[in-house]
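**Q** As input, take upload_34.pdb (PDB, C-alpha atoms, pLDDT in the B column):
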```pdb
ATOM      1  CA  MET E 205      29.255  -6.599   1.096  1.00 70.00           C
ATOM      2  CA  ASN E 206      30.740  -6.778  -2.391  1.00 79.00           C
ATOM      3  CA  GLU E 207      29.085  -7.240  -5.783  1.00 78.00           C
ATOM      4  CA  HIS E 208      29.414 -11.025  -5.640  1.00 83.00           C
ATOM      5  CA  ASP E 209      27.790 -11.204  -2.194  1.00 81.00           C
ATOM      6  CA  ARG E 210      24.971  -8.992  -3.409  1.00 82.00           C
ATOM      7  CA  ASP E 211      24.337 -11.228  -6.418  1.00 85.00           C
ATOM      8  CA  ARG E 212      24.331 -14.313  -4.180  1.00 86.00           C
ATOM      9  CA  MET E 213      21.857 -12.689  -1.789  1.00 87.00           C
ATOM     10  CA  LYS E 214      19.691 -11.628  -4.703  1.00 87.00           C
ATOM     11  CA  MET E 215      19.613 -15.171  -6.098  1.00 87.00           C
ATOM     12  CA  LEU E 216      18.833 -16.621  -2.677  1.00 88.00           C
ATOM     13  CA  LEU E 217      16.049 -14.117  -2.146  1.00 89.00           C
ATOM     14  CA  GLN E 218      14.521 -14.788  -5.556  1.00 87.00           C
ATOM     15  CA  GLN E 219      14.515 -18.525  -4.824  1.00 87.00           C
ATOM     16  CA  ALA E 220      12.900 -17.997  -1.440  1.00 88.00           C
ATOM     17  CA  LEU E 221      10.382 -15.446  -2.719  1.00 89.00           C
ATOM     18  CA  PRO E 222       9.732 -16.101  -6.406  1.00 88.00           C
ATOM     19  CA  PRO E 223       8.763 -12.978  -8.358  1.00 90.00           C
ATOM     20  CA  VAL E 224       5.048 -12.598  -9.117  1.00 90.00           C
ATOM     21  CA  GLU E 225       4.642 -13.464 -12.787  1.00 87.00           C
ATOM     22  CA  GLY E 226       2.559 -11.422 -15.224  1.00 86.00           C
ATOM     23  CA  GLU E 227      -0.330  -9.202 -14.195  1.00 88.00           C
ATOM     24  CA  PRO E 228      -2.296 -11.072 -11.522  1.00 92.00           C
ATOM     25  CA  GLU E 229      -5.992 -10.404 -11.082  1.00 92.00           C
ATOM     26  CA  PRO E 230      -8.037 -10.392  -7.902  1.00 94.00           C
ATOM     27  CA  SER E 231     -10.331 -13.390  -7.525  1.00 93.00           C
ATOM     28  CA  ARG E 232     -13.423 -11.174  -7.748  1.00 93.00           C
ATOM     29  CA  ASP E 233     -14.514  -7.657  -8.645  1.00 93.00           C
ATOM     30  CA  LEU E 234     -13.673  -5.585  -5.565  1.00 95.00           C
ATOM     31  CA  TRP E 235     -15.932  -2.624  -6.397  1.00 94.00           C
ATOM     32  CA  PRO E 236     -18.897  -3.987  -4.348  1.00 95.00           C
ATOM     33  CA  ALA E 237     -16.553  -4.306  -1.348  1.00 95.00           C
ATOM     34  CA  VAL E 238     -15.504  -0.652  -1.752  1.00 94.00           C
ATOM     35  CA  LEU E 239     -19.151   0.451  -1.898  1.00 93.00           C
ATOM     36  CA  ARG E 240     -19.979  -1.614   1.200  1.00 94.00           C
ATOM     37  CA  ARG E 241     -17.079   0.002   3.072  1.00 93.00           C
ATOM     38  CA  ILE E 242     -18.253   3.477   2.079  1.00 89.00           C
ATOM     39  CA  ASP E 243     -21.885   2.747   3.056  1.00 89.00           C
ATOM     40  CA  SER E 244     -21.000   1.154   6.388  1.00 89.00           C
ATOM     41  CA  ARG E 245     -18.887   4.067   7.491  1.00 81.00           C
ATOM     42  CA  PRO E 246     -20.384   6.048  10.367  1.00 75.00           C
ATOM     43  CA  THR E 247     -20.781   9.724   9.595  1.00 73.00           C
ATOM     44  CA  ALA E 248     -18.001  11.301  11.580  1.00 73.00           C
ATOM     45  CA  VAL E 249     -18.319  14.841  12.882  1.00 79.00           C
ATOM     46  CA  PRO E 250     -14.938  16.583  12.622  1.00 80.00           C
ATOM     47  CA  TRP E 251     -13.320  17.446  15.962  1.00 87.00           C
ATOM     48  CA  PHE E 252     -13.259  21.112  14.987  1.00 88.00           C
ATOM     49  CA  ASP E 253     -17.073  21.178  14.800  1.00 89.00           C
ATOM     50  CA  TRP E 254     -17.299  19.718  18.305  1.00 92.00           C
ATOM     51  CA  ALA E 255     -14.794  22.301  19.594  1.00 94.00           C
ATOM     52  CA  LEU E 256     -16.759  25.123  17.962  1.00 92.00           C
ATOM     53  CA  LEU E 257     -20.016  23.892  19.472  1.00 92.00           C
ATOM     54  CA  GLY E 258     -18.375  23.525  22.900  1.00 94.00           C
ATOM     55  CA  GLY E 259     -16.961  27.045  22.696  1.00 93.00           C
ATOM     56  CA  LEU E 260     -20.339  28.464  21.711  1.00 90.00           C
ATOM     57  CA  VAL E 261     -22.141  26.705  24.560  1.00 92.00           C
ATOM     58  CA  GLY E 262     -19.470  27.922  27.005  1.00 93.00           C
ATOM     59  CA  LEU E 263     -19.782  31.480  25.750  1.00 90.00           C
ATOM     60  CA  VAL E 264     -23.572  31.441  26.083  1.00 90.00           C
ATOM     61  CA  ALA E 265     -23.310  29.963  29.598  1.00 92.00           C
ATOM     62  CA  LEU E 266     -20.836  32.656  30.694  1.00 93.00           C
ATOM     63  CA  PHE E 267     -22.578  35.542  28.931  1.00 91.00           C
ATOM     64  CA  PRO E 268     -26.322  34.832  28.675  1.00 90.00           C
ATOM     65  CA  ALA E 269     -26.860  38.357  27.369  1.00 90.00           C
ATOM     66  CA  SER E 270     -25.192  37.270  24.131  1.00 87.00           C
ATOM     67  CA  ILE E 271     -28.062  34.878  23.279  1.00 88.00           C
ATOM     68  CA  PRO E 272     -30.160  37.530  21.447  1.00 89.00           C
ATOM     69  CA  VAL E 273     -27.064  38.523  19.451  1.00 86.00           C
ATOM     70  CA  PHE E 274     -26.543  34.904  18.315  1.00 82.00           C
ATOM     71  CA  LEU E 275     -30.239  34.513  17.534  1.00 86.00           C
ATOM     72  CA  TYR E 276     -30.124  37.694  15.482  1.00 88.00           C
ATOM     73  CA  TYR E 277     -27.262  36.330  13.357  1.00 84.00           C
ATOM     74  CA  LEU E 278     -28.775  32.832  12.909  1.00 75.00           C
TER      75      LEU E 278
ATOM     76  CA  MET A 143     -24.362   9.139 -15.207  1.00 52.00           C
ATOM     77  CA  GLN A 144     -22.045   8.891 -18.225  1.00 54.00           C
ATOM     78  CA  ILE A 145     -19.014  11.175 -18.244  1.00 56.00           C
ATOM     79  CA  GLN A 146     -16.387  11.789 -20.884  1.00 59.00           C
ATOM     80  CA  ALA A 147     -13.261   9.666 -20.416  1.00 58.00           C
ATOM     81  CA  SER A 148     -11.071  12.762 -20.710  1.00 60.00           C
ATOM     82  CA  ASP A 149     -12.964  14.425 -17.863  1.00 76.00           C
ATOM     83  CA  THR A 150     -12.806  11.472 -15.474  1.00 79.00           C
ATOM     84  CA  LEU A 151      -9.856  12.777 -13.475  1.00 79.00           C
ATOM     85  CA  THR A 152     -11.330  16.271 -13.179  1.00 78.00           C
ATOM     86  CA  HIS A 153     -14.738  14.988 -12.050  1.00 78.00           C
ATOM     87  CA  PHE A 154     -13.006  12.706  -9.561  1.00 80.00           C
ATOM     88  CA  GLN A 155     -10.835  15.488  -8.154  1.00 76.00           C
ATOM     89  CA  GLN A 156     -13.640  18.045  -7.911  1.00 79.00           C
ATOM     90  CA  GLY A 157     -15.987  15.607  -6.166  1.00 71.00           C
ATOM     91  CA  CYS A 158     -19.176  16.981  -7.765  1.00 75.00           C
ATOM     92  CA  PRO A 159     -22.112  15.002  -6.311  1.00 75.00           C
ATOM     93  CA  GLY A 160     -23.570  14.116  -9.709  1.00 75.00           C
ATOM     94  CA  THR A 161     -20.416  12.826 -11.366  1.00 82.00           C
ATOM     95  CA  TYR A 162     -17.968  11.914  -8.626  1.00 84.00           C
ATOM     96  CA  PHE A 163     -19.022   8.288  -8.112  1.00 84.00           C
ATOM     97  CA  ALA A 164     -19.157   7.555 -11.848  1.00 86.00           C
ATOM     98  CA  ALA A 165     -15.621   8.928 -12.184  1.00 88.00           C
ATOM     99  CA  PHE A 166     -14.434   7.028  -9.103  1.00 90.00           C
ATOM    100  CA  GLU A 167     -15.920   3.760 -10.387  1.00 91.00           C
ATOM    101  CA  THR A 168     -14.319   4.269 -13.795  1.00 91.00           C
ATOM    102  CA  LEU A 169     -10.924   4.881 -12.219  1.00 92.00           C
ATOM    103  CA  PHE A 170     -11.418   1.897  -9.919  1.00 94.00           C
ATOM    104  CA  HIS A 171     -12.076  -0.481 -12.795  1.00 94.00           C
ATOM    105  CA  GLN A 172      -9.225   0.973 -14.850  1.00 93.00           C
ATOM    106  CA  HIS A 173      -6.683   0.551 -12.060  1.00 94.00           C
ATOM    107  CA  GLN A 174      -7.975  -2.225  -9.797  1.00 95.00           C
ATOM    108  CA  ARG A 175      -5.835  -4.911 -11.424  1.00 95.00           C
ATOM    109  CA  ALA A 176      -2.622  -2.868 -11.468  1.00 95.00           C
ATOM    110  CA  ILE A 177      -3.044  -1.817  -7.839  1.00 96.00           C
ATOM    111  CA  TYR A 178      -3.854  -5.385  -6.767  1.00 97.00           C
ATOM    112  CA  GLY A 179      -0.767  -6.681  -8.609  1.00 96.00           C
ATOM    113  CA  TRP A 180       1.445  -4.022  -7.032  1.00 96.00           C
ATOM    114  CA  ILE A 181       0.199  -4.818  -3.526  1.00 97.00           C
ATOM    115  CA  LEU A 182       0.479  -8.576  -4.109  1.00 96.00           C
ATOM    116  CA  ARG A 183       4.130  -8.102  -5.019  1.00 95.00           C
ATOM    117  CA  ILE A 184       4.689  -6.443  -1.661  1.00 95.00           C
ATOM    118  CA  VAL A 185       2.581  -8.518   0.737  1.00 94.00           C
ATOM    119  CA  ARG A 186       2.712 -11.815  -1.243  1.00 91.00           C
ATOM    120  CA  ASP A 187      -0.657 -12.956   0.063  1.00 92.00           C
ATOM    121  CA  PRO A 188      -3.604 -12.841  -2.384  1.00 94.00           C
ATOM    122  CA  ALA A 189      -6.314 -12.499   0.298  1.00 95.00           C
ATOM    123  CA  ALA A 190      -4.469  -9.675   2.066  1.00 95.00           C
ATOM    124  CA  ALA A 191      -3.769  -8.031  -1.300  1.00 96.00           C
ATOM    125  CA  GLU A 192      -7.508  -7.966  -2.073  1.00 97.00           C
ATOM    126  CA  ASP A 193      -8.324  -6.414   1.309  1.00 96.00           C
ATOM    127  CA  LEU A 194      -5.558  -3.862   0.842  1.00 97.00           C
ATOM    128  CA  THR A 195      -6.781  -2.997  -2.649  1.00 97.00           C
ATOM    129  CA  VAL A 196     -10.149  -2.109  -1.118  1.00 96.00           C
ATOM    130  CA  GLU A 197      -8.366  -0.177   1.651  1.00 96.00           C
ATOM    131  CA  THR A 198      -6.284   1.673  -0.946  1.00 96.00           C
ATOM    132  CA  PHE A 199      -9.368   2.798  -2.852  1.00 96.00           C
ATOM    133  CA  MET A 200     -10.979   3.908   0.415  1.00 95.00           C
ATOM    134  CA  ARG A 201      -7.933   6.092   1.065  1.00 95.00           C
ATOM    135  CA  ILE A 202      -8.111   7.346  -2.520  1.00 94.00           C
ATOM    136  CA  HIS A 203     -11.792   8.198  -1.991  1.00 92.00           C
ATOM    137  CA  ASP A 204     -10.925  10.102   1.200  1.00 90.00           C
ATOM    138  CA  ALA A 205      -8.065  11.985  -0.438  1.00 90.00           C
ATOM    139  CA  HIS A 206      -9.675  12.790  -3.808  1.00 87.00           C
ATOM    140  CA  ALA A 207      -9.640  16.549  -3.141  1.00 86.00           C
ATOM    141  CA  ARG A 208      -5.821  16.465  -2.815  1.00 88.00           C
ATOM    142  CA  PHE A 209      -5.385  14.663  -6.149  1.00 87.00           C
ATOM    143  CA  GLN A 210      -3.612  16.672  -8.851  1.00 86.00           C
ATOM    144  CA  PRO A 211      -4.934  15.545 -12.271  1.00 82.00           C
ATOM    145  CA  GLU A 212      -1.890  16.869 -14.122  1.00 83.00           C
ATOM    146  CA  ARG A 213       0.392  14.466 -12.215  1.00 83.00           C
ATOM    147  CA  GLY A 214      -1.555  11.345 -13.259  1.00 86.00           C
ATOM    148  CA  PHE A 215      -3.609   8.869 -11.305  1.00 90.00           C
ATOM    149  CA  GLU A 216      -1.548   5.696 -11.422  1.00 91.00           C
ATOM    150  CA  GLY A 217       1.560   6.961  -9.640  1.00 92.00           C
ATOM    151  CA  TRP A 218      -0.540   8.652  -6.973  1.00 93.00           C
ATOM    152  CA  ALA A 219      -2.653   5.518  -6.451  1.00 95.00           C
ATOM    153  CA  ARG A 220       0.439   3.323  -6.334  1.00 95.00           C
ATOM    154  CA  ARG A 221       1.943   5.526  -3.666  1.00 96.00           C
ATOM    155  CA  ILE A 222      -1.197   5.246  -1.556  1.00 96.00           C
ATOM    156  CA  ALA A 223      -1.221   1.474  -2.134  1.00 97.00           C
ATOM    157  CA  THR A 224       2.411   1.214  -1.047  1.00 97.00           C
ATOM    158  CA  HIS A 225       1.661   3.016   2.204  1.00 96.00           C
ATOM    159  CA  ALA A 226      -1.404   0.837   2.830  1.00 97.00           C
ATOM    160  CA  ALA A 227       0.798  -2.240   2.299  1.00 96.00           C
ATOM    161  CA  LEU A 228       3.467  -0.780   4.583  1.00 95.00           C
ATOM    162  CA  ASP A 229       0.880  -0.254   7.346  1.00 96.00           C
ATOM    163  CA  HIS A 230      -0.244  -3.853   6.862  1.00 95.00           C
ATOM    164  CA  LEU A 231       3.319  -5.189   7.170  1.00 94.00           C
ATOM    165  CA  ARG A 232       3.837  -3.128  10.323  1.00 92.00           C
ATOM    166  CA  ARG A 233       0.678  -4.545  11.905  1.00 90.00           C
ATOM    167  CA  ARG A 234       1.361  -8.135  10.922  1.00 83.00           C
ATOM    168  CA  ARG A 235       3.710 -10.329  12.928  1.00 68.00           C
ATOM    169  CA  PRO A 236       6.640 -11.866  11.022  1.00 63.00           C
ATOM    170  CA  GLN A 237       5.518 -14.810   8.902  1.00 58.00           C
ATOM    171  CA  ASN A 238       5.985 -18.295  10.302  1.00 49.00           C
ATOM    172  CA  GLU A 239       5.599 -20.151   7.040  1.00 47.00           C
ATOM    173  CA  LEU A 240       5.864 -19.643   3.308  1.00 49.00           C
ATOM    174  CA  HIS A 241       2.689 -18.739   1.520  1.00 52.00           C
ATOM    175  CA  ALA A 242       1.433 -21.845  -0.276  1.00 45.00           C
ATOM    176  CA  ASP A 243      -0.285 -19.991  -3.125  1.00 48.00           C
ATOM    177  CA  LEU A 244       2.846 -18.473  -4.594  1.00 49.00           C
ATOM    178  CA  PRO A 245       4.860 -20.544  -7.096  1.00 53.00           C
ATOM    179  CA  VAL A 246       8.011 -22.472  -6.227  1.00 53.00           C
ATOM    180  CA  PRO A 247      10.823 -21.600  -8.640  1.00 56.00           C
ATOM    181  CA  ALA A 248      11.646 -24.232 -11.242  1.00 56.00           C
ATOM    182  CA  GLY A 249      15.066 -25.853 -11.371  1.00 57.00           C
ATOM    183  CA  THR A 250      15.692 -26.015  -7.641  1.00 56.00           C
ATOM    184  CA  ASP A 251      16.376 -29.268  -5.808  1.00 55.00           C
ATOM    185  CA  PRO A 252      13.504 -29.411  -3.293  1.00 58.00           C
ATOM    186  CA  ALA A 253      15.360 -31.685  -0.860  1.00 52.00           C
ATOM    187  CA  VAL A 254      18.426 -29.458  -0.642  1.00 48.00           C
ATOM    188  CA  CYS A 255      16.906 -26.038  -1.032  1.00 73.00           C
ATOM    189  CA  GLU A 256      13.661 -26.228   0.892  1.00 81.00           C
ATOM    190  CA  GLU A 257      15.234 -25.588   4.274  1.00 83.00           C
ATOM    191  CA  ILE A 258      17.358 -22.689   2.991  1.00 85.00           C
ATOM    192  CA  ARG A 259      14.384 -21.212   1.152  1.00 86.00           C
ATOM    193  CA  ARG A 260      12.253 -21.446   4.260  1.00 87.00           C
ATOM    194  CA  LYS A 261      14.907 -19.873   6.490  1.00 88.00           C
ATOM    195  CA  THR A 262      15.575 -17.115   3.952  1.00 90.00           C
ATOM    196  CA  ALA A 263      11.877 -16.290   3.673  1.00 89.00           C
ATOM    197  CA  LEU A 264      11.498 -16.248   7.450  1.00 90.00           C
ATOM    198  CA  ALA A 265      14.602 -14.075   7.867  1.00 91.00           C
ATOM    199  CA  PHE A 266      13.255 -11.731   5.211  1.00 92.00           C
ATOM    200  CA  GLY A 267       9.964 -11.529   7.104  1.00 91.00           C
ATOM    201  CA  ARG A 268      11.869 -10.347  10.173  1.00 92.00           C
ATOM    202  CA  LEU A 269      13.383  -7.346   8.390  1.00 94.00           C
ATOM    203  CA  PRO A 270      11.914  -3.910   9.163  1.00 94.00           C
ATOM    204  CA  PRO A 271       8.924  -3.352   6.814  1.00 94.00           C
ATOM    205  CA  LYS A 272      10.495  -0.279   5.174  1.00 95.00           C
ATOM    206  CA  LEU A 273      13.560  -2.274   4.158  1.00 96.00           C
ATOM    207  CA  ARG A 274      11.448  -5.264   3.160  1.00 95.00           C
ATOM    208  CA  ILE A 275       9.324  -3.257   0.723  1.00 96.00           C
ATOM    209  CA  ALA A 276      12.356  -1.683  -0.939  1.00 96.00           C
ATOM    210  CA  ALA A 277      14.096  -5.059  -1.252  1.00 95.00           C
ATOM    211  CA  VAL A 278      11.105  -7.009  -2.495  1.00 95.00           C
ATOM    212  CA  LEU A 279      10.317  -4.458  -5.193  1.00 96.00           C
ATOM    213  CA  ALA A 280      13.869  -3.674  -6.289  1.00 95.00           C
ATOM    214  CA  VAL A 281      15.546  -7.074  -5.856  1.00 94.00           C
ATOM    215  CA  VAL A 282      12.859  -9.759  -6.072  1.00 93.00           C
ATOM    216  CA  GLU A 283      10.534  -8.058  -8.545  1.00 93.00           C
ATOM    217  CA  GLU A 284      13.376  -6.147 -10.250  1.00 93.00           C
ATOM    218  CA  ARG A 285      11.338  -2.961 -10.584  1.00 94.00           C
ATOM    219  CA  PRO A 286      13.321   0.142 -11.602  1.00 95.00           C
ATOM    220  CA  HIS A 287      14.696   2.062  -8.614  1.00 96.00           C
ATOM    221  CA  ARG A 288      12.970   5.229  -9.796  1.00 95.00           C
ATOM    222  CA  GLU A 289       9.579   3.513  -9.760  1.00 95.00           C
ATOM    223  CA  VAL A 290      10.218   2.158  -6.246  1.00 96.00           C
ATOM    224  CA  ALA A 291      11.370   5.603  -5.100  1.00 96.00           C
ATOM    225  CA  GLU A 292       8.196   7.243  -6.428  1.00 95.00           C
ATOM    226  CA  ALA A 293       5.989   4.630  -4.772  1.00 95.00           C
ATOM    227  CA  LEU A 294       7.727   5.077  -1.425  1.00 95.00           C
ATOM    228  CA  GLY A 295       8.023   8.842  -1.700  1.00 94.00           C
ATOM    229  CA  ILE A 296      11.809   8.782  -1.246  1.00 95.00           C
ATOM    230  CA  THR A 297      14.851   9.389  -3.434  1.00 96.00           C
ATOM    231  CA  VAL A 298      16.542   6.791  -5.642  1.00 97.00           C
ATOM    232  CA  ALA A 299      19.622   7.008  -3.392  1.00 97.00           C
ATOM    233  CA  ALA A 300      17.450   6.211  -0.367  1.00 97.00           C
ATOM    234  CA  VAL A 301      16.028   3.164  -2.175  1.00 97.00           C
ATOM    235  CA  LYS A 302      19.539   1.901  -2.917  1.00 95.00           C
ATOM    236  CA  LEU A 303      20.521   2.421   0.703  1.00 96.00           C
ATOM    237  CA  ARG A 304      17.465   0.548   1.974  1.00 96.00           C
ATOM    238  CA  VAL A 305      18.133  -2.352  -0.393  1.00 95.00           C
ATOM    239  CA  PHE A 306      21.764  -2.503   0.724  1.00 94.00           C
ATOM    240  CA  ARG A 307      20.760  -2.473   4.392  1.00 95.00           C
ATOM    241  CA  ALA A 308      18.087  -5.126   3.796  1.00 95.00           C
ATOM    242  CA  LEU A 309      20.535  -7.490   2.088  1.00 93.00           C
ATOM    243  CA  ARG A 310      23.180  -6.912   4.749  1.00 93.00           C
ATOM    244  CA  LEU A 311      20.734  -7.589   7.593  1.00 94.00           C
ATOM    245  CA  LEU A 312      19.390 -10.649   5.803  1.00 93.00           C
ATOM    246  CA  ARG A 313      22.887 -11.991   5.336  1.00 92.00           C
ATOM    247  CA  LYS A 314      23.710 -11.478   9.017  1.00 92.00           C
ATOM    248  CA  ASP A 315      20.500 -13.236  10.051  1.00 91.00           C
ATOM    249  CA  LEU A 316      21.232 -16.205   7.797  1.00 90.00           C
ATOM    250  CA  GLU A 317      24.827 -16.414   9.002  1.00 90.00           C
ATOM    251  CA  SER A 318      23.600 -16.502  12.595  1.00 90.00           C
ATOM    252  CA  GLN A 319      21.555 -19.561  11.607  1.00 83.00           C
ATOM    253  CA  GLY A 320      24.590 -21.288  10.110  1.00 80.00           C
ATOM    254  CA  ILE A 321      23.737 -20.512   6.489  1.00 77.00           C
ATOM    255  CA  ARG A 322      26.609 -19.023   4.536  1.00 75.00           C
ATOM    256  CA  PRO A 323      25.035 -17.279   1.522  1.00 67.00           C
TER     257      PRO A 323
END
```
Any chance you could give the structure as structure tokens?

**A**
Amino acid sequence: MNEHDRDRMKMLLQQALPPVEGEPEPSRDLWPAVLRRIDSRPTAVPWFDWALLGGLVGLVALFPASIPVFLYYL
Amino acid sequence: MQIQASDTLTHFQQGCPGTYFAAFETLFHQHQRAIYGWILRIVRDPAAAEDLTVETFMRIHDAHARFQPERGFEGWARRIATHAALDHLRRRRPQNELHADLPVPAGTDPAVCEEIRRKTALAFGRLPPKLRIAAVLAVVEERPHREVAEALGITVAAVKLRVFRALRLLRKDLESQGIRP
């Protein structure tokens, strides 16, 4: 594709998809929508916390004698 | 809570409970319009651009701890916005019609050009989203290659390559439909 072809394609593309003029504004203030999204978000527990809890429960189940040690450090 | 304008970025980055939201809101209102305009240029649909602006600021909120104040907010936010728009284009099926809200260029003969315009826009919508973003920003919107490269997180050479590939694929598509650009 040479320079001429590229210019033709550019012109065609600009006619098909006219550039957005100026600095467009959203139709409304979007800050309330951001706040709603933040508020509606469920509190997610990170997977690492679940893994840690699972490991701890497994350890206690396998070695019940370790329970006083854990209680001591809590 | 009122915070000093010069401290906004620091309060935002540090995420202190007392000042974080005030800083975030300030940054939102300072940059909402620019981010919306940037996204609109990519997705060319005002309603989708508004949703993606909200999505962008949600991602910014999630990533505030990784923000580096010395590198500036706008470029970082624009990069996040570009990736949100890219995800949107990947999810969306290719367009079947031109968006009615965007202006028709002046000086074109509607009877002759409408069909070619429509086919060009549809062919453009079939391009891979990565190529489409590079082409729409660099060719249609005539943004500097360096700015496009920063927004996409790639090099200027990669932007040029994507634009070249986009135009070549578009040309092939149009030729297959009997349109000789």

**Q** Select, as a PyMOL selection string, those residues of chain A with any atom no more than 6 Å from chain E (distances computed using all atoms listed in the file).

**A** chain A and resi 175+179+196+259+263+282-283

**Q** Between CA of Tyr178 in chain A and CA of Ala277 in chain A, what distance in Å does the model show, to one decimal?

**A** 18.8 Å

**Q** Between CA of Ile181 in chain A and CA of Asp315 in chain A, what is the distance, to one decimal in Å?

**A**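 Computed distance, CA of Ile181 in chain A to CA of Asp315 in chain A, equals 25.8 Å.
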
**Q** For this file, the PyMOL selection byres ((chain A and resi 207-219) around 12) selects which residues, as a PyMOL selection string?

**A** chain A and resi 148-158+162+166+168-170+172-178+180-181+195-206+220-226+288-295

**Q** Can I get the selection written as a PDB file, in the coordinates of the input, with C-alpha atoms?

**A**
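What landed in selection_33.pdb:
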```
ATOM      1  CA  SER A 148     -11.071  12.762 -20.710  1.00 60.00           C
ATOM      2  CA  ASP A 149     -12.964  14.425 -17.863  1.00 76.00           C
ATOM      3  CA  THR A 150     -12.806  11.472 -15.474  1.00 79.00           C
ATOM      4  CA  LEU A 151      -9.856  12.777 -13.475  1.00 79.00           C
ATOM      5  CA  THR A 152     -11.330  16.271 -13.179  1.00 78.00           C
ATOM      6  CA  HIS A 153     -14.738  14.988 -12.050  1.00 78.00           C
ATOM      7  CA  PHE A 154     -13.006  12.706  -9.561  1.00 80.00           C
ATOM      8  CA  GLN A 155     -10.835  15.488  -8.154  1.00 76.00           C
ATOM      9  CA  GLN A 156     -13.640  18.045  -7.911  1.00 79.00           C
ATOM     10  CA  GLY A 157     -15.987  15.607  -6.166  1.00 71.00           C
ATOM     11  CA  CYS A 158     -19.176  16.981  -7.765  1.00 75.00           C
ATOM     12  CA  TYR A 162     -17.968  11.914  -8.626  1.00 84.00           C
ATOM     13  CA  PHE A 166     -14.434   7.028  -9.103  1.00 90.00           C
ATOM     14  CA  THR A 168     -14.319   4.269 -13.795  1.00 91.00           C
ATOM     15  CA  LEU A 169     -10.924   4.881 -12.219  1.00 92.00           C
ATOM     16  CA  PHE A 170     -11.418   1.897  -9.919  1.00 94.00           C
ATOM     17  CA  GLN A 172      -9.225   0.973 -14.850  1.00 93.00           C
ATOM     18  CA  HIS A 173      -6.683   0.551 -12.060  1.00 94.00           C
ATOM     19  CA  GLN A 174      -7.975  -2.225  -9.797  1.00 95.00           C
ATOM     20  CA  ARG A 175      -5.835  -4.911 -11.424  1.00 95.00           C
ATOM     21  CA  ALA A 176      -2.622  -2.868 -11.468  1.00 95.00           C
ATOM     22  CA  ILE A 177      -3.044  -1.817  -7.839  1.00 96.00           C
ATOM     23  CA  TYR A 178      -3.854  -5.385  -6.767  1.00 97.00           C
ATOM     24  CA  TRP A 180       1.445  -4.022  -7.032  1.00 96.00           C
ATOM     25  CA  ILE A 181       0.199  -4.818  -3.526  1.00 97.00           C
ATOM     26  CA  THR A 195      -6.781  -2.997  -2.649  1.00 97.00           C
ATOM     27  CA  VAL A 196     -10.149  -2.109  -1.118  1.00 96.00           C
ATOM     28  CA  GLU A 197      -8.366  -0.177   1.651  1.00 96.00           C
ATOM     29  CA  THR A 198      -6.284   1.673  -0.946  1.00 96.00           C
ATOM     30  CA  PHE A 199      -9.368   2.798  -2.852  1.00 96.00           C
ATOM     31  CA  MET A 200     -10.979   3.908   0.415  1.00 95.00           C
ATOM     32  CA  ARG A 201      -7.933   6.092   1.065  1.00 95.00           C
ATOM     33  CA  ILE A 202      -8.111   7.346  -2.520  1.00 94.00           C
ATOM     34  CA  HIS A 203     -11.792   8.198  -1.991  1.00 92.00           C
ATOM     35  CA  ASP A 204     -10.925  10.102   1.200  1.00 90.00           C
ATOM     36  CA  ALA A 205      -8.065  11.985  -0.438  1.00 90.00           C
ATOM     37  CA  HIS A 206      -9.675  12.790  -3.808  1.00 87.00           C
ATOM     38  CA  ARG A 220       0.439   3.323  -6.334  1.00 95.00           C
ATOM     39  CA  ARG A 221       1.943   5.526  -3.666  1.00 96.00           C
ATOM     40  CA  ILE A 222      -1.197   5.246  -1.556  1.00 96.00           C
ATOM     41  CA  ALA A 223      -1.221   1.474  -2.134  1.00 97.00           C
ATOM     42  CA  THR A 224       2.411   1.214  -1.047  1.00 97.00           C
ATOM     43  CA  HIS A 225       1.661   3.016   2.204  1.00 96.00           C
ATOM     44  CA  ALA A 226      -1.404   0.837   2.830  1.00 97.00           C
ATOM     45  CA  ARG A 288      12.970   5.229  -9.796  1.00 95.00           C
ATOM     46  CA  GLU A 289       9.579   3.513  -9.760  1.00 95.00           C
ATOM     47  CA  VAL A 290      10.218   2.158  -6.246  1.00 96.00           C
ATOM     48  CA  ALA A 291      11.370   5.603  -5.100  1.00 96.00           C
ATOM     49  CA  GLU A 292       8.196   7.243  -6.428  1.00 95.00           C
ATOM     50  CA  ALA A 293       5.989   4.630  -4.772  1.00 95.00           C
ATOM     51  CA  LEU A 294       7.727   5.077  -1.425  1.00 95.00           C
ATOM     52  CA  GLY A 295       8.023   8.842  -1.700  1.00 94.00           C
TER      53      GLY A 295
END
```

**Q** Do you have the CA of Ile275 in chain A-CA of His230 in chain A distance handy?

**A**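 Distance reported for this atom pair: 11.4 Å.
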
**Q** If I wrap all listed atoms of range 265-274 of chain E in a box with edges along x, y and z and add 5 Å on each side, what are its centre and edge lengths in Å to one decimal, as AutoDock Vina command-line options?

**A**
```
--center_x -25.5 --center_y 34.2 --center_z 24.5 --size_x 19.3 --size_y 18.6 --size_z 22.4
```
